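Trainee: Have a look at the structure that comes next, please.
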Amino acid sequence: MKAVQIVKPRELTLIDIEKPLPDPTNNVQIRMTAAGICGSDGTIYHGTNAIVTYPRIIGHEMVGVVEEVYGNVKSLKRGDRVIINQVVSCGHCYPCQNGRGNVCDNLKVRGIHIDGGFQEYITVPEADCYRLPDFLSDTDAVMIEPATIAIQSCSRAQLVKDDMLLILGYGALGSSVLRIARLLCDHIIVACRTDEKLEIAMQNGARYTINVQKENLVEKVKEYTHGHGSTVSIDAANAGDSLPSLLKATGNAGRVMVMGLTGATAQITPFLITAKELDIRGSRLQNQMFGTAIELIRDGRLNLNGSVSHTFPLTRAQDAFDFIDSHDPSIRKVVLTFDC
């Protein structure tokens with residue numbers, strides 16, 4: 001079968017490997033149908049991801065069809081459409097014992113520490129599969145995984161109705177955060193570098209927008225928050241200057257969410273954290289949020305239709321990454337399909 005492997009930074013290859021068979025541990029075989037290209041996949045390709053090991057079959061936004069089951073599988077049958085949990089935790093360490101398996105001491109993430117979904121077949125445990133609503137296409141279903149990341153971030157931020165939220169960055173991650181945040185609060189500011197994306201953000205629920213190329217972020221945030229600053233700030237840009245900017249834009253007693261996995265350093269001023277008594281919180285992956293996301297979809301509160309802007313077959317993965325690197329303004333989400 002075919003798979004896409006990053007051999008080392010900037011070296012992507014299409015390889016042939018043996019088809020995996022179900023076993024007592026990975027007891028469900030999935031035929032992949034769609035897999036999203038995430039920003040973190042880009043960092044793996046470019047060599048800026050601080051935690052990946054090479055060579056690696058990447059891909060952690062994974063949708064497919066159950067091909068075969070093994071042993072005592074009860075909840076799934078051949079032909080079921082599923083999305084796959086990317087988090088593999090041990091269940092025994094301190095974080096796992098305290099309900100935070102997404103930061104397990106022995107954490108393995110599919111597509112980062114172990115091989116992921118950019119392959120025609122993958123085997124996983126039954127518990128890592130979530131059945132999809134029939135009305136949701138395979139391509140759109142890829143967006144469930146980014147939605148779980150956003151749910152995790154908003155949960156870690158303890159976002160509530162009267163918060164004044166700042167989302168910095170409006171790519172795939174920022175748009176997912178906005179999609180969840182608007183279910184929880186109304187006062188949302190989105191800041192990014194392009195007017196086109198900001199127009200889309202307004203259409204999708206932002207109350208205010210800031211073009212950081214043309215406007216002063218801190219001044220505009222204070223203008224839009226009655227002089228206080230945001231009460232919650234979420235970094236969906238993951239740039240080198242993101243965290244310092246958010247520390248300045250967030251008001252006293254605020255919460256700042258950090259989600260980036262790059263190894264880039266940021267110069268911060270501890271005084272801003274202490275003087276404002278800010279909470280700086282990391283948000284990594286998701287912690288059993290697939291069920292929550294799928295419930296929101298079934299209830300009609302979360303609409304993922306039309307989120308994907310471009311698709312490429314698996315065999316054209318290099319073209320897909322090159323296209324993403326072009327920064328074409330039409331790009332929202334790029335998905336690999338498996339009709340090759």
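Chain lettering (A, B, ...) mirrors the order of the structure tokens, residue numbering begins at 1 for each chain separately, and ligand numbering begins at 1 in order of display.
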Residues of region 209-339 of chain A in strand (DSSP E) according to DSSP, as a PyMOL selection string?

Mentor: chain A and resi 209-211+230-235+250-258+279-282+310-313+334-337

Trainee: With only C-alpha atoms as the atoms that count, which of A:Ile297, A:Leu166, A:Leu183, A:Leu159 lies nearest to Ser245 (chain A)?

Mentor: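 Nearest to Ser245 (chain A): A:Leu166.
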
Trainee: Tell me, which residues of region 9-239 of chain A carry DSSP helix (DSSP H, G or I), written as a PyMOL selection string?

Mentor: chain A and resi 39-46+94-97+101-103+126-128+138-141+144-156+172-181+195-203+217-224

Trainee: With a distance cut-off of 12 Å and only C-alpha atoms, select the neighbouring residues of Gly227 (chain A), excluding the residue or stretch itself and same-chain residues fewer than 5 positions from it, and output the selection as a PyMOL selection string.

Mentor: chain A and resi 164+218-222+249-252

Trainee: Which one of A:Glu61, A:Asp105, A:Glu120, A:Glu196 sits closest to Ile144 (chain A) if you count only C-alpha atoms?

Mentor: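 Checking each candidate against Ile144 (chain A), we get A:Glu61 as the closest.
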
Trainee: For Leu285 (chain A), work out the shell of residues within 8 Å, counting only C-alpha atoms and skipping chain neighbours fewer than 6 positions away, then give it as a list in words.

Mentor: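 Near neighbours after the sequence-gap exclusion: Val87, Asn102, Thr148, Ile149 and Gln152 of chain A.
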
Trainee: Go through A:Gly59, A:Pro133, A:Gly101, A:Gly240 one by one, measure the shortest atom-to-atom distance of each to Gly116 (chain A) using only C-alpha atoms, and give the residue with the smallest value.

Mentor: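 Using only C-alpha atoms, the shortest distance to Gly116 (chain A) belongs to A:Gly59.
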
Trainee: Which residue is closest to Asp279 (chain A)? Choose from A:Val124, A:Ala157, A:Leu314, A:Ala181 and count only C-alpha atoms.

Mentor: A:Ala157

Trainee: Can I get the residues of region 10-52 of chain A within 6 Å of region 320-336 of chain A, each with the closest pair of atoms and their distance in Å to one decimal, using only C-alpha atoms, sorted chain first then ascending number, as a Markdown table?

Mentor:
```
| residue | atom | partner | partner_atom | distance |
| --- | --- | --- | --- | --- |
| A:Ala34 | CA | A:Leu336 | CA | 5.7 |
| A:Ala35 | CA | A:Leu336 | CA | 5.2 |
| A:Gly36 | CA | A:Val335 | CA | 4.3 |
| A:Ile37 | CA | A:Val334 | CA | 5.8 |
```

Trainee: Any idea what the distance is between CA of Asn287 (chain A) and CA of Val63 (chain A)?

Mentor: 18.5 Å

Trainee: Show me, as a ChimeraX atom specification, the residues that have an atom within 10 Å of Cys93 (chain A) when counting only C-alpha atoms, minus same-chain residues fewer than 4 positions from it.

Mentor: /A:89,97-98,100-101,103-107

Trainee: Given the choices A:Leu132, A:Ala317, A:Ile210, A:Leu247, which gets closest to Tyr170 (chain A) if the distance is worked out from only C-alpha atoms?

Mentor: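 Among the listed residues, the smallest separation from Tyr170 (chain A) belongs to A:Ile210.
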
Trainee: Could you check which of A:Asn49, A:Gln5, A:Ser75, A:Thr139 is closest to Ala264 (chain A), using only C-alpha atoms?

Mentor: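 Comparing A:Asn49, A:Gln5, A:Ser75, A:Thr139 against Ala264 (chain A), the winner is A:Asn49.
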
Trainee: Using only C-alpha atoms, which protein or nucleic acid residues come within 6 Å of region 256-260 of chain A? Drop anything in the same chain fewer than 6 positions from it, and give the result as a list in words.

Mentor: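 Skipping anything fewer than 6 positions along the chain leaves Val232, Ser233, Ile234, Asp235, Asn238, Ile280, Arg281, Gly282 and Ser283 of chain A.
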